[in-house]
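> run05.pdb (PDB, C-alpha atoms and all ligand atoms) pasted underneath:
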ATOM      1  CA  LYS A  57     -16.238  20.432 -27.449
ATOM      2  CA  ALA A  58     -15.085  21.894 -30.742
ATOM      3  CA  LYS A  59     -11.406  22.719 -31.079
ATOM      4  CA  ASN A  60     -10.235  25.743 -32.993
ATOM      5  CA  ALA A  61      -7.211  24.789 -35.039
ATOM      6  CA  GLY A  62      -6.085  28.429 -35.199
ATOM      7  CA  ASN A  63      -6.199  28.763 -38.967
ATOM      8  CA  GLY A  64      -9.925  29.398 -39.164
ATOM      9  CA  SER A  65     -10.929  25.766 -39.474
ATOM     10  CA  ILE A  66     -12.774  23.995 -36.698
ATOM     11  CA  TYR A  67     -12.390  20.372 -35.602
ATOM     12  CA  TYR A  68     -15.707  19.032 -34.439
ATOM     13  CA  PHE A  69     -15.984  16.587 -31.617
ATOM     14  CA  ASN A  70     -14.688  13.211 -32.662
ATOM     15  CA  PRO A  71     -16.652  10.287 -31.169
ATOM     16  CA  VAL A  72     -13.395   8.308 -30.992
ATOM     17  CA  TRP A  73     -12.228  10.687 -28.236
ATOM     18  CA  LEU A  74     -15.233   9.763 -26.127
ATOM     19  CA  GLU A  75     -14.552   6.086 -26.723
ATOM     20  CA  GLU A  76     -10.923   6.527 -25.680
ATOM     21  CA  TYR A  77     -11.987   8.471 -22.629
ATOM     22  CA  GLN A  78     -14.519   5.841 -21.614
ATOM     23  CA  LYS A  79     -11.972   3.057 -22.077
ATOM     24  CA  GLU A  80      -9.528   4.865 -19.806
ATOM     25  CA  ALA A  81     -12.196   5.657 -17.252
ATOM     26  CA  SER A  82     -13.261   2.026 -17.131
ATOM     27  CA  LEU A  83      -9.642   0.849 -16.755
ATOM     28  CA  GLU A  84      -9.242   3.299 -13.875
ATOM     29  CA  HIS A  85     -12.351   1.874 -12.291
ATOM     30  CA  GLU A  86     -11.076  -1.691 -12.713
ATOM     31  CA  PHE A  87      -7.638  -0.765 -11.411
ATOM     32  CA  VAL A  88      -8.792  -0.307  -7.840
ATOM     33  CA  ASN A  89     -10.259  -3.823  -7.773
ATOM     34  CA  ALA A  90      -7.287  -5.298  -9.614
ATOM     35  CA  LEU A  91      -4.922  -3.925  -6.967
ATOM     36  CA  ASN A  92      -6.745  -5.897  -4.291
ATOM     37  CA  SER A  93      -7.544  -9.013  -6.283
ATOM     38  CA  GLY A  94      -4.006 -10.094  -7.171
ATOM     39  CA  ASP A  95      -4.205  -9.242 -10.887
ATOM     40  CA  ILE A  96      -1.427  -6.695 -10.483
ATOM     41  CA  VAL A  97       1.834  -8.539  -9.966
ATOM     42  CA  PRO A  98       5.548  -8.215 -10.477
ATOM     43  CA  PHE A  99       7.106 -10.000 -13.447
ATOM     44  CA  TYR A 100      10.826 -10.629 -13.160
ATOM     45  CA  GLN A 101      13.743 -10.108 -15.498
ATOM     46  CA  PRO A 102      17.102 -11.814 -14.838
ATOM     47  CA  ILE A 103      20.320  -9.837 -14.368
ATOM     48  CA  ILE A 104      23.448 -11.936 -14.842
ATOM     49  CA  LYS A 105      27.227 -11.773 -14.551
ATOM     50  CA  GLN A 106      29.518 -13.560 -16.932
ATOM     51  CA  ASP A 107      30.163 -16.270 -14.318
ATOM     52  CA  TYR A 108      26.481 -16.588 -13.398
ATOM     53  CA  GLN A 109      26.742 -20.364 -13.280
ATOM     54  CA  THR A 110      28.755 -20.071 -10.091
ATOM     55  CA  SER A 111      27.867 -16.594  -8.824
ATOM     56  CA  GLY A 112      24.075 -16.802  -9.079
ATOM     57  CA  PHE A 113      21.805 -14.149 -10.537
ATOM     58  CA  ALA A 114      19.669 -11.155  -9.648
ATOM     59  CA  LEU A 115      16.157 -10.201 -10.741
ATOM     60  CA  GLU A 116      14.332  -6.941 -11.346
ATOM     61  CA  ALA A 117      10.653  -6.805 -10.397
ATOM     62  CA  LEU A 118       8.551  -5.022 -13.051
ATOM     63  CA  VAL A 119       4.847  -4.423 -12.555
ATOM     64  CA  ARG A 120       2.310  -6.082 -14.864
ATOM     65  CA  TRP A 121      -1.490  -6.116 -14.842
ATOM     66  CA  VAL A 122      -2.626  -9.584 -15.833
ATOM     67  CA  HIS A 123      -6.026  -8.503 -17.091
ATOM     68  CA  PRO A 124      -8.709 -11.219 -17.424
ATOM     69  CA  SER A 125      -9.791 -10.086 -20.917
ATOM     70  CA  LYS A 126      -7.218  -7.540 -22.145
ATOM     71  CA  GLY A 127      -4.104  -9.649 -21.556
ATOM     72  CA  ILE A 128      -0.928  -8.285 -20.003
ATOM     73  CA  ILE A 129      -0.938  -4.526 -19.441
ATOM     74  CA  SER A 130       2.376  -2.621 -19.264
ATOM     75  CA  PRO A 131       3.695  -0.170 -16.654
ATOM     76  CA  TYR A 132       3.314   2.624 -19.221
ATOM     77  CA  ILE A 133      -0.475   2.217 -18.848
ATOM     78  CA  ILE A 134      -0.541   1.171 -15.171
ATOM     79  CA  LEU A 135       1.676   3.890 -13.685
ATOM     80  CA  PRO A 136      -0.240   6.901 -15.098
ATOM     81  CA  ILE A 137      -3.515   5.406 -13.860
ATOM     82  CA  ALA A 138      -2.084   4.842 -10.379
ATOM     83  CA  LYS A 139      -0.701   8.413 -10.413
ATOM     84  CA  ARG A 140      -4.025   9.924 -11.438
ATOM     85  CA  LEU A 141      -5.828   7.998  -8.719
ATOM     86  CA  GLY A 142      -3.245   8.861  -6.076
ATOM     87  CA  LEU A 143      -2.513   5.158  -5.598
ATOM     88  CA  MET A 144       1.231   5.007  -6.309
ATOM     89  CA  GLY A 145       1.939   4.220  -2.657
ATOM     90  CA  GLU A 146      -0.598   1.376  -2.627
ATOM     91  CA  LEU A 147       0.749   0.038  -5.922
ATOM     92  CA  GLY A 148       4.271   0.070  -4.503
ATOM     93  CA  ASN A 149       3.117  -1.780  -1.383
ATOM     94  CA  VAL A 150       1.314  -4.463  -3.417
ATOM     95  CA  ILE A 151       4.383  -5.008  -5.608
ATOM     96  CA  PHE A 152       6.792  -5.121  -2.675
ATOM     97  CA  GLU A 153       4.592  -7.521  -0.702
ATOM     98  CA  GLN A 154       4.268  -9.891  -3.665
ATOM     99  CA  THR A 155       7.999  -9.644  -4.315
ATOM    100  CA  CYS A 156       8.636 -10.816  -0.740
ATOM    101  CA  VAL A 157       6.249 -13.750  -1.271
ATOM    102  CA  ASP A 158       8.021 -14.630  -4.525
ATOM    103  CA  ILE A 159      11.504 -14.357  -2.968
ATOM    104  CA  ASN A 160      10.528 -17.164  -0.595
ATOM    105  CA  LYS A 161       9.148 -19.209  -3.492
ATOM    106  CA  PHE A 162      12.385 -18.749  -5.450
ATOM    107  CA  LEU A 163      14.571 -19.700  -2.491
ATOM    108  CA  ASP A 164      12.348 -22.716  -1.679
ATOM    109  CA  ALA A 165      12.745 -23.833  -5.303
ATOM    110  CA  GLY A 166      16.521 -23.826  -4.768
ATOM    111  CA  LEU A 167      17.318 -20.934  -7.114
ATOM    112  CA  ASP A 168      20.703 -19.254  -6.667
ATOM    113  CA  LEU A 169      19.050 -15.858  -6.202
ATOM    114  CA  GLN A 170      21.448 -13.183  -4.975
ATOM    115  CA  ARG A 171      19.231 -10.101  -5.075
ATOM    116  CA  ILE A 172      15.922  -8.661  -6.246
ATOM    117  CA  SER A 173      15.613  -5.039  -7.235
ATOM    118  CA  VAL A 174      12.361  -3.159  -7.001
ATOM    119  CA  ASN A 175      11.580   0.172  -8.664
ATOM    120  CA  ILE A 176      10.591   2.875  -6.188
ATOM    121  CA  SER A 177       8.472   5.842  -7.322
ATOM    122  CA  SER A 178       8.935   9.406  -6.100
ATOM    123  CA  GLU A 179       5.564   9.174  -4.357
ATOM    124  CA  GLN A 180       6.902   6.228  -2.343
ATOM    125  CA  LEU A 181      10.359   7.624  -1.775
ATOM    126  CA  PHE A 182       9.088  10.872  -0.320
ATOM    127  CA  SER A 183       6.332   9.247   1.736
ATOM    128  CA  ALA A 184       6.641   9.230   5.513
ATOM    129  CA  HIS A 185       5.303   5.647   5.564
ATOM    130  CA  LEU A 186       7.790   4.025   3.201
ATOM    131  CA  VAL A 187      10.409   2.879   5.666
ATOM    132  CA  SER A 188       8.002   1.439   8.244
ATOM    133  CA  GLU A 189       5.959  -0.311   5.562
ATOM    134  CA  ILE A 190       9.060  -1.902   3.994
ATOM    135  CA  ASP A 191      10.342  -2.952   7.401
ATOM    136  CA  ARG A 192       6.970  -4.482   8.299
ATOM    137  CA  CYS A 193       6.787  -6.386   5.040
ATOM    138  CA  LEU A 194      10.335  -7.783   5.259
ATOM    139  CA  LYS A 195       9.699  -8.992   8.818
ATOM    140  CA  ALA A 196       6.261 -10.444   8.017
ATOM    141  CA  HIS A 197       7.756 -12.559   5.223
ATOM    142  CA  GLN A 198      11.072 -13.177   6.975
ATOM    143  CA  VAL A 199      12.977 -11.879   3.995
ATOM    144  CA  SER A 200      16.622 -10.943   4.505
ATOM    145  CA  THR A 201      17.160  -7.276   3.662
ATOM    146  CA  SER A 202      20.449  -8.164   2.000
ATOM    147  CA  LEU A 203      18.388  -9.695  -0.819
ATOM    148  CA  VAL A 204      16.603  -6.430  -1.554
ATOM    149  CA  GLU A 205      17.698  -3.510  -3.671
ATOM    150  CA  PHE A 206      15.718  -0.386  -4.566
ATOM    151  CA  GLU A 207      16.033   1.272  -7.954
ATOM    152  CA  ILE A 208      15.574   5.007  -8.069
ATOM    153  CA  VAL A 209      15.476   6.747 -11.424
ATOM    154  CA  GLU A 210      18.258   9.264 -11.813
ATOM    155  CA  GLU A 211      15.667  12.034 -12.175
ATOM    156  CA  LEU A 212      14.672  11.605  -8.513
ATOM    157  CA  MET A 213      18.213  12.441  -7.419
ATOM    158  CA  ALA A 214      17.461  16.037  -8.400
ATOM    159  CA  GLY A 215      14.839  16.431  -5.621
ATOM    160  CA  ASP A 216      15.370  18.183  -2.264
ATOM    161  CA  PHE A 217      18.763  16.852  -1.155
ATOM    162  CA  GLN A 218      18.134  16.958   2.593
ATOM    163  CA  VAL A 219      14.888  15.000   2.331
ATOM    164  CA  LEU A 220      16.364  12.616  -0.224
ATOM    165  CA  SER A 221      19.477  11.762   1.745
ATOM    166  CA  THR A 222      17.584  11.359   5.039
ATOM    167  CA  GLN A 223      15.153   8.973   3.404
ATOM    168  CA  LEU A 224      17.872   6.998   1.590
ATOM    169  CA  GLU A 225      19.933   6.688   4.778
ATOM    170  CA  LYS A 226      16.937   5.153   6.554
ATOM    171  CA  LEU A 227      16.642   2.539   3.821
ATOM    172  CA  ILE A 228      20.371   1.839   3.954
ATOM    173  CA  ASP A 229      20.078   1.447   7.739
ATOM    174  CA  LEU A 230      17.517  -1.295   7.107
ATOM    175  CA  GLY A 231      20.162  -3.045   4.986
ATOM    176  CA  ILE A 232      18.668  -2.248   1.587
ATOM    177  CA  GLN A 233      21.017  -1.410  -1.280
ATOM    178  CA  LEU A 234      20.322   1.428  -3.661
ATOM    179  CA  SER A 235      20.846   1.669  -7.367
ATOM    180  CA  ILE A 236      20.425   4.536  -9.800
ATOM    181  CA  ASP A 237      18.187   3.534 -12.705
ATOM    182  CA  ASP A 238      18.359   4.942 -16.254
ATOM    183  CA  PHE A 239      21.744   6.423 -15.415
ATOM    184  CA  GLY A 240      22.855   9.049 -17.893
ATOM    185  CA  THR A 241      19.385  10.391 -18.673
ATOM    186  CA  GLY A 242      18.403  12.305 -15.540
ATOM    187  CA  TYR A 243      20.574  15.407 -15.053
ATOM    188  CA  SER A 244      21.757  14.351 -11.598
ATOM    189  CA  SER A 245      24.929  15.904 -10.286
ATOM    190  CA  LEU A 246      28.054  13.887  -9.635
ATOM    191  CA  SER A 247      28.451  15.520  -6.233
ATOM    192  CA  ARG A 248      25.123  14.018  -5.226
ATOM    193  CA  LEU A 249      26.267  10.659  -6.458
ATOM    194  CA  LYS A 250      29.372  11.088  -4.330
ATOM    195  CA  ASN A 251      27.427  12.095  -1.228
ATOM    196  CA  LEU A 252      24.672   9.514  -1.377
ATOM    197  CA  ASN A 253      25.342   5.971  -0.344
ATOM    198  CA  VAL A 254      24.481   4.324  -3.640
ATOM    199  CA  SER A 255      25.926   0.926  -4.537
ATOM    200  CA  LYS A 256      25.011   0.443  -8.198
ATOM    201  CA  LEU A 257      24.428   2.285 -11.474
ATOM    202  CA  LYS A 258      22.255   1.032 -14.301
ATOM    203  CA  ILE A 259      23.306   2.302 -17.726
ATOM    204  CA  ASP A 260      20.221   3.344 -19.645
ATOM    205  CA  LYS A 261      19.204   1.231 -22.635
ATOM    206  CA  SER A 262      19.440   4.232 -24.967
ATOM    207  CA  PHE A 263      23.264   4.107 -24.678
ATOM    208  CA  VAL A 264      23.444   0.319 -24.947
ATOM    209  CA  ASP A 265      21.446   0.467 -28.195
ATOM    210  CA  GLY A 266      24.392   2.047 -30.049
ATOM    211  CA  LEU A 267      26.902  -0.637 -29.055
ATOM    212  CA  PRO A 268      29.202  -2.026 -30.315
ATOM    213  CA  ASN A 269      29.650   0.446 -33.223
ATOM    214  CA  GLY A 270      28.179   3.835 -32.315
ATOM    215  CA  GLU A 271      31.115   6.111 -31.501
ATOM    216  CA  GLU A 272      29.236   8.434 -29.159
ATOM    217  CA  ASP A 273      27.570   5.620 -27.240
ATOM    218  CA  ILE A 274      30.916   3.816 -26.923
ATOM    219  CA  CYS A 275      32.393   6.971 -25.458
ATOM    220  CA  ILE A 276      29.492   7.522 -23.038
ATOM    221  CA  VAL A 277      29.377   3.908 -21.861
ATOM    222  CA  LYS A 278      33.166   3.776 -21.392
ATOM    223  CA  SER A 279      32.956   6.931 -19.244
ATOM    224  CA  ILE A 280      30.185   5.479 -17.106
ATOM    225  CA  ILE A 281      32.176   2.260 -16.673
ATOM    226  CA  GLY A 282      35.199   4.330 -15.595
ATOM    227  CA  LEU A 283      33.090   6.368 -13.203
ATOM    228  CA  ALA A 284      31.537   3.277 -11.604
ATOM    229  CA  LYS A 285      34.874   1.492 -11.283
ATOM    230  CA  GLY A 286      36.555   4.552  -9.814
ATOM    231  CA  MET A 287      33.800   5.001  -7.239
ATOM    232  CA  GLY A 288      33.600   1.300  -6.413
ATOM    233  CA  LEU A 289      30.049   0.946  -7.711
ATOM    234  CA  ASP A 290      28.536  -2.088  -9.404
ATOM    235  CA  LEU A 291      27.306  -1.554 -12.913
ATOM    236  CA  VAL A 292      24.418  -3.061 -14.884
ATOM    237  CA  ALA A 293      23.772  -2.516 -18.589
ATOM    238  CA  GLU A 294      20.040  -2.396 -19.356
ATOM    239  CA  GLY A 295      18.356  -3.422 -22.575
ATOM    240  CA  VAL A 296      21.036  -5.774 -23.898
ATOM    241  CA  GLU A 297      19.540  -7.392 -26.983
ATOM    242  CA  THR A 298      22.446  -8.802 -28.985
ATOM    243  CA  GLN A 299      25.390 -11.067 -28.323
ATOM    244  CA  GLU A 300      27.670  -8.384 -29.831
ATOM    245  CA  GLN A 301      26.509  -5.881 -27.191
ATOM    246  CA  ALA A 302      27.043  -8.460 -24.459
ATOM    247  CA  ASN A 303      30.549  -9.281 -25.663
ATOM    248  CA  TRP A 304      31.508  -5.601 -25.883
ATOM    249  CA  LEU A 305      30.154  -4.871 -22.396
ATOM    250  CA  PHE A 306      31.924  -7.804 -20.733
ATOM    251  CA  GLU A 307      35.179  -7.021 -22.550
ATOM    252  CA  ASN A 308      34.997  -3.386 -21.464
ATOM    253  CA  GLY A 309      34.373  -4.136 -17.810
ATOM    254  CA  CYS A 310      30.629  -3.919 -17.307
ATOM    255  CA  ASP A 311      29.909  -6.719 -14.841
ATOM    256  CA  TYR A 312      26.147  -7.220 -15.051
ATOM    257  CA  LEU A 313      23.816  -7.554 -18.027
ATOM    258  CA  GLN A 314      20.036  -7.307 -18.272
ATOM    259  CA  GLY A 315      18.003  -7.514 -21.460
ATOM    260  CA  TYR A 316      15.997  -9.530 -23.932
ATOM    261  CA  LEU A 317      19.174 -11.403 -24.956
ATOM    262  CA  ILE A 318      18.960 -13.151 -21.600
ATOM    263  CA  SER A 319      15.197 -13.012 -21.079
ATOM    264  CA  LYS A 320      12.182 -10.721 -21.225
ATOM    265  CA  PRO A 321      10.471 -10.078 -17.883
ATOM    266  CA  VAL A 322       8.399 -13.187 -17.095
ATOM    267  CA  HIS A 323       5.939 -14.504 -14.521
ATOM    268  CA  SER A 324       7.404 -15.885 -11.265
ATOM    269  CA  ILE A 325       6.526 -19.455 -12.325
ATOM    270  CA  ASP A 326       8.554 -19.045 -15.501
ATOM    271  CA  ILE A 327      11.500 -17.641 -13.533
ATOM    272  CA  ILE A 328      11.610 -20.873 -11.547
ATOM    273  CA  LYS A 329      11.646 -22.888 -14.791
ATOM    274  CA  LEU A 330      14.172 -20.611 -16.498
ATOM    275  CA  MET A 331      16.633 -20.152 -13.662
ATOM    276  CA  SER A 332      16.672 -23.561 -11.992
ATOM    277  CA  LYS A 333      20.105 -25.139 -12.174
ATOM    278  CA  GLN A 334      18.925 -28.116 -14.176
ATOM    279  CA  ASN A 335      17.582 -25.820 -16.892
ATOM    280  CA  SER A 336      19.245 -25.614 -20.258
ATOM    281  CA  PHE A 337      19.245 -21.798 -19.939
ATOM    282  CA  PHE A 338      22.526 -22.114 -18.151
ATOM    283  CA  ASN A 339      24.033 -23.769 -21.181
ATOM    284  CA  ARG A 340      22.154 -21.771 -23.775
ATOM    285  CA  VAL A 341      23.541 -18.277 -23.109
ATOM    286  CA  ASN A 342      27.126 -19.452 -23.499
ATOM    287  CA  LYS A 343      26.478 -21.115 -26.844
ATOM    288  CA  HIS A 344      25.649 -17.913 -28.767
TER     289      HIS A 344
HETATM  290  P1  LIG B 401      13.122   0.320 -15.923
HETATM  291  O1  LIG B 401      13.110   0.164 -14.450
HETATM  292  O2  LIG B 401      14.259   1.055 -16.517
HETATM  293  O3  LIG B 401      13.002  -1.143 -16.489
HETATM  294  C1  LIG B 401      13.556  -1.566 -17.691
HETATM  295  C2  LIG B 401      12.521  -1.602 -18.785
HETATM  296  O4  LIG B 401      13.146  -2.001 -19.997
HETATM  297  C3  LIG B 401      11.420  -2.641 -18.560
HETATM  298  O5  LIG B 401      10.251  -2.134 -19.175
HETATM  299  C4  LIG B 401      11.935  -3.841 -19.321
HETATM  300  O6  LIG B 401      10.908  -4.738 -19.696
HETATM  301  C5  LIG B 401      12.547  -3.174 -20.506
HETATM  302  N1  LIG B 401      13.604  -3.975 -21.109
HETATM  303  C6  LIG B 401      14.506  -4.776 -20.483
HETATM  304  N2  LIG B 401      15.348  -5.331 -21.355
HETATM  305  C7  LIG B 401      14.989  -4.883 -22.579
HETATM  306  C8  LIG B 401      15.502  -5.114 -23.905
HETATM  307  O7  LIG B 401      16.462  -5.855 -24.134
HETATM  308  N3  LIG B 401      14.877  -4.464 -24.921
HETATM  309  C9  LIG B 401      13.808  -3.644 -24.721
HETATM  310  N4  LIG B 401      13.266  -3.046 -25.771
HETATM  311  N5  LIG B 401      13.311  -3.395 -23.473
HETATM  312  C10 LIG B 401      13.895  -4.016 -22.431
HETATM  313  P2  LIG B 401       8.851  -2.193 -18.451
HETATM  314  O8  LIG B 401       8.721  -3.465 -17.686
HETATM  315  O9  LIG B 401       7.836  -1.863 -19.488
HETATM  316  O10 LIG B 401       8.939  -1.030 -17.385
HETATM  317  C11 LIG B 401       9.055   0.301 -17.804
HETATM  318  C12 LIG B 401       9.394   1.221 -16.653
HETATM  319  O11 LIG B 401       8.290   1.316 -15.761
HETATM  320  C13 LIG B 401      10.553   0.710 -15.818
HETATM  321  O12 LIG B 401      11.774   1.055 -16.416
HETATM  322  C14 LIG B 401      10.311   1.442 -14.508
HETATM  323  O13 LIG B 401      10.810   2.750 -14.551
HETATM  324  C15 LIG B 401       8.793   1.512 -14.472
HETATM  325  N6  LIG B 401       8.298   0.446 -13.576
HETATM  326  C16 LIG B 401       8.122  -0.861 -13.848
HETATM  327  N7  LIG B 401       7.647  -1.516 -12.762
HETATM  328  C17 LIG B 401       7.534  -0.598 -11.784
HETATM  329  C18 LIG B 401       7.104  -0.658 -10.413
HETATM  330  O14 LIG B 401       6.753  -1.704  -9.852
HETATM  331  N8  LIG B 401       7.112   0.527  -9.716
HETATM  332  C19 LIG B 401       7.526   1.690 -10.278
HETATM  333  N9  LIG B 401       7.505   2.791  -9.527
HETATM  334  N10 LIG B 401       7.938   1.783 -11.544
HETATM  335  C20 LIG B 401       7.954   0.647 -12.302
HETATM  336 MG    MG B 402      14.364  -0.322 -13.056
HETATM  337 MG    MG B 403      16.077   1.550 -16.405
HETATM  338 MG    MG B 404      13.604   2.965 -17.991
END
Go through the file and emit its structure as structure tokens.
Ligand code: C2E
Ligand code: MG
Ligand code: MG
Ligand code: MG

Amino acid sequence: KAKNAGNGSIYYFNPVWLEEYQKEASLEHEFVNALNSGDIVPFYQPIIKQDYQTSGFALEALVRWVHPSKGIISPYIILPIAKRLGLMGELGNVIFEQTCVDINKFLDAGLDLQRISVNISSEQLFSAHLVSEIDRCLKAHQVSTSLVEFEIVEELMAGDFQVLSTQLEKLIDLGIQLSIDDFGTGYSSLSRLKNLNVSKLKIDKSFVDGLPNGEEDICIVKSIIGLAKGMGLDLVAEGVETQEQANWLFENGCDYLQGYLISKPVHSIDIIKLMSKQNSFFNRVNKH
């Protein structure tokens, strides 16, 4: 297909487009098999408090496609494919099921794991099957619901309030905690925050990036900290990359940190190595 650039010139079909298209189409084709073959798994990123040596740690599950020839494929490729194929629900189920399996592995390995958070898509959240599927999975793996937290991007808070709150209440009734992801980027209203039974906010990385010197980011992050404290919500800062950011956040009252400073998301096996009490990680973070 030739594209008219609008100024009289014509772009002829570029064979690279076809190549790109075929690559995507073949990934889509492989995706369906990968979902069932165990190549699509959660990686985990630690979330720690300042006193993590005594208080334990949390993890966030983040989807990865461990592709046999292409290496590790990111959610920014995986999620659009799953969306296009209408498989977001299935993807969510695979990730949650594997997370339950891994929770038992982590506890068996003696890790001081307090909680695992899992990202929930809008397709899952507004599905009539979500609650029963989660309940089934928790029971099948004998996982305590108090270990599980769902992250919902702030954007989703803008959906139909009646449907949203009914669905969230059902999850809370199961004993699952809710957190608002990418907080500060999603145009949600504070009255919704007040009326929904959320227990945690996650400050988006884009605000953390400017710390400890950017005046506007300082102001925004301080306001979010004040808001969370005032409402009795826990607070996590996402995307913490430097010791200076970590120091500023702890000094200003943000309790939980997540970011490359502590660790990138890693395979479950590496979490066991990294977070076991004998590991030098527990001494390393404090030495910066
Ligand atoms: P998110 O939930 O906000 O997750 C945080 C993202 O920031 C992750 O990207 C993580 O690897 C990255 N990150 C963490 N610390 C740092 C840091 O210090 N520096 C930098 N540059 N990045 C950092 P990831 O794993 O690529 O995931 C991207 C997004 O995809 C997630 O953002 C989440 O919205 C979505 N996602 C990931 N896994 C799932 C899943 O299983 N289901 C659904 N529905 N969405 C998922
Ligand atoms: Mg998240
Ligand atoms: Mg986030
Ligand atoms: Mg994000």
> Could you list, as a tab-separated table (two decimals) with C-alpha atoms, keeping the file's coordinate frame, all protein and nucleic acid residues with an atom at most 7 Å from ligand LIG 401 (chain B), counting all atoms listed in the file?

chain	number	residue	atom	x	y	z
A	98	PRO	CA	5.55	-8.22	-10.48
A	117	ALA	CA	10.65	-6.80	-10.40
A	118	LEU	CA	8.55	-5.02	-13.05
A	119	VAL	CA	4.85	-4.42	-12.56
A	130	SER	CA	2.38	-2.62	-19.26
A	131	PRO	CA	3.70	-0.17	-16.65
A	132	TYR	CA	3.31	2.62	-19.22
A	135	LEU	CA	1.68	3.89	-13.68
A	148	GLY	CA	4.27	0.07	-4.50
A	151	ILE	CA	4.38	-5.01	-5.61
A	174	VAL	CA	12.36	-3.16	-7.00
A	175	ASN	CA	11.58	0.17	-8.66
A	176	ILE	CA	10.59	2.88	-6.19
A	177	SER	CA	8.47	5.84	-7.32
A	209	VAL	CA	15.48	6.75	-11.42
A	237	ASP	CA	18.19	3.53	-12.70
A	238	ASP	CA	18.36	4.94	-16.25
A	294	GLU	CA	20.04	-2.40	-19.36
A	295	GLY	CA	18.36	-3.42	-22.58
A	296	VAL	CA	21.04	-5.77	-23.90
A	297	GLU	CA	19.54	-7.39	-26.98
A	314	GLN	CA	20.04	-7.31	-18.27
A	315	GLY	CA	18.00	-7.51	-21.46
A	316	TYR	CA	16.00	-9.53	-23.93
A	317	LEU	CA	19.17	-11.40	-24.96
A	320	LYS	CA	12.18	-10.72	-21.22
A	321	PRO	CA	10.47	-10.08	-17.88
> Report, in Å with one decimal, the straight-line distance from CA of Gln154 in chain A to CA of Lys105 in chain A.
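Between these atoms lies a distance of 25.5 Å.
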> Nearest to Gln301 in chain A: which of A:Leu252, A:Leu267, A:Ile134, A:Ile327 is it, counting all atoms listed in the file?
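Among the listed residues, A:Leu267 lies closest to Gln301 in chain A.
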> Considering all atoms listed in the file, can you say which of A:Leu289, A:Cys275, A:Ala302, A:Met144 comes closest to Phe182 in chain A?
A:Met144
> Apply the PyMOL selection byres (((chain A and resi 86-89) around 12) and not hetatm) to the structure shown and report the selected residues as a JSON list (two decimals) with C-alpha atoms, in the coordinates of the input.

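Result saved to expr.json:
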[["chain", "number", "residue", "atom", "x", "y", "z"],
["A", 79, "LYS", "CA", -11.97, 3.06, -22.08],
["A", 80, "GLU", "CA", -9.53, 4.86, -19.81],
["A", 81, "ALA", "CA", -12.20, 5.66, -17.25],
["A", 82, "SER", "CA", -13.26, 2.03, -17.13],
["A", 83, "LEU", "CA", -9.64, 0.85, -16.76],
["A", 84, "GLU", "CA", -9.24, 3.30, -13.88],
["A", 85, "HIS", "CA", -12.35, 1.87, -12.29],
["A", 90, "ALA", "CA", -7.29, -5.30, -9.61],
["A", 91, "LEU", "CA", -4.92, -3.92, -6.97],
["A", 92, "ASN", "CA", -6.74, -5.90, -4.29],
["A", 93, "SER", "CA", -7.54, -9.01, -6.28],
["A", 94, "GLY", "CA", -4.01, -10.09, -7.17],
["A", 95, "ASP", "CA", -4.20, -9.24, -10.89],
["A", 96, "ILE", "CA", -1.43, -6.70, -10.48],
["A", 120, "ARG", "CA", 2.31, -6.08, -14.86],
["A", 121, "TRP", "CA", -1.49, -6.12, -14.84],
["A", 122, "VAL", "CA", -2.63, -9.58, -15.83],
["A", 123, "HIS", "CA", -6.03, -8.50, -17.09],
["A", 124, "PRO", "CA", -8.71, -11.22, -17.42],
["A", 125, "SER", "CA", -9.79, -10.09, -20.92],
["A", 126, "LYS", "CA", -7.22, -7.54, -22.14],
["A", 129, "ILE", "CA", -0.94, -4.53, -19.44],
["A", 133, "ILE", "CA", -0.48, 2.22, -18.85],
["A", 134, "ILE", "CA", -0.54, 1.17, -15.17],
["A", 135, "LEU", "CA", 1.68, 3.89, -13.68],
["A", 136, "PRO", "CA", -0.24, 6.90, -15.10],
["A", 137, "ILE", "CA", -3.52, 5.41, -13.86],
["A", 138, "ALA", "CA", -2.08, 4.84, -10.38],
["A", 139, "LYS", "CA", -0.70, 8.41, -10.41],
["A", 140, "ARG", "CA", -4.03, 9.92, -11.44],
["A", 141, "LEU", "CA", -5.83, 8.00, -8.72],
["A", 142, "GLY", "CA", -3.24, 8.86, -6.08],
["A", 143, "LEU", "CA", -2.51, 5.16, -5.60],
["A", 144, "MET", "CA", 1.23, 5.01, -6.31],
["A", 146, "GLU", "CA", -0.60, 1.38, -2.63],
["A", 147, "LEU", "CA", 0.75, 0.04, -5.92],
["A", 150, "VAL", "CA", 1.31, -4.46, -3.42]]
> For each of A:Ile276, A:Val264, A:Met287, A:Ile318, take the minimum atom-to-atom distance to Leu246 in chain A, counting all atoms listed in the file, then give the residue where this is smallest.
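Under the stated criterion, the closest residue is A:Met287.
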> Do you know which residues are at most 12 Å from Gln218 in chain A counting only C-alpha atoms, after dropping those on the same chain fewer than 5 positions away, and could you put them as an NGL selection string?
:A and (182 or 213 or 223-225 or 248 or 251-252)
> Residues near Asp158 in chain A, anyone? I mean within 10 Å using only C-alpha atoms, not counting same-chain ones fewer than 5 positions away, as a list in words.
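Listing them by chain and then by number gives Pro98, Tyr100, Phe152, Glu153, Leu163, Asp164, His197, Ser324 and Ile325 of chain A.
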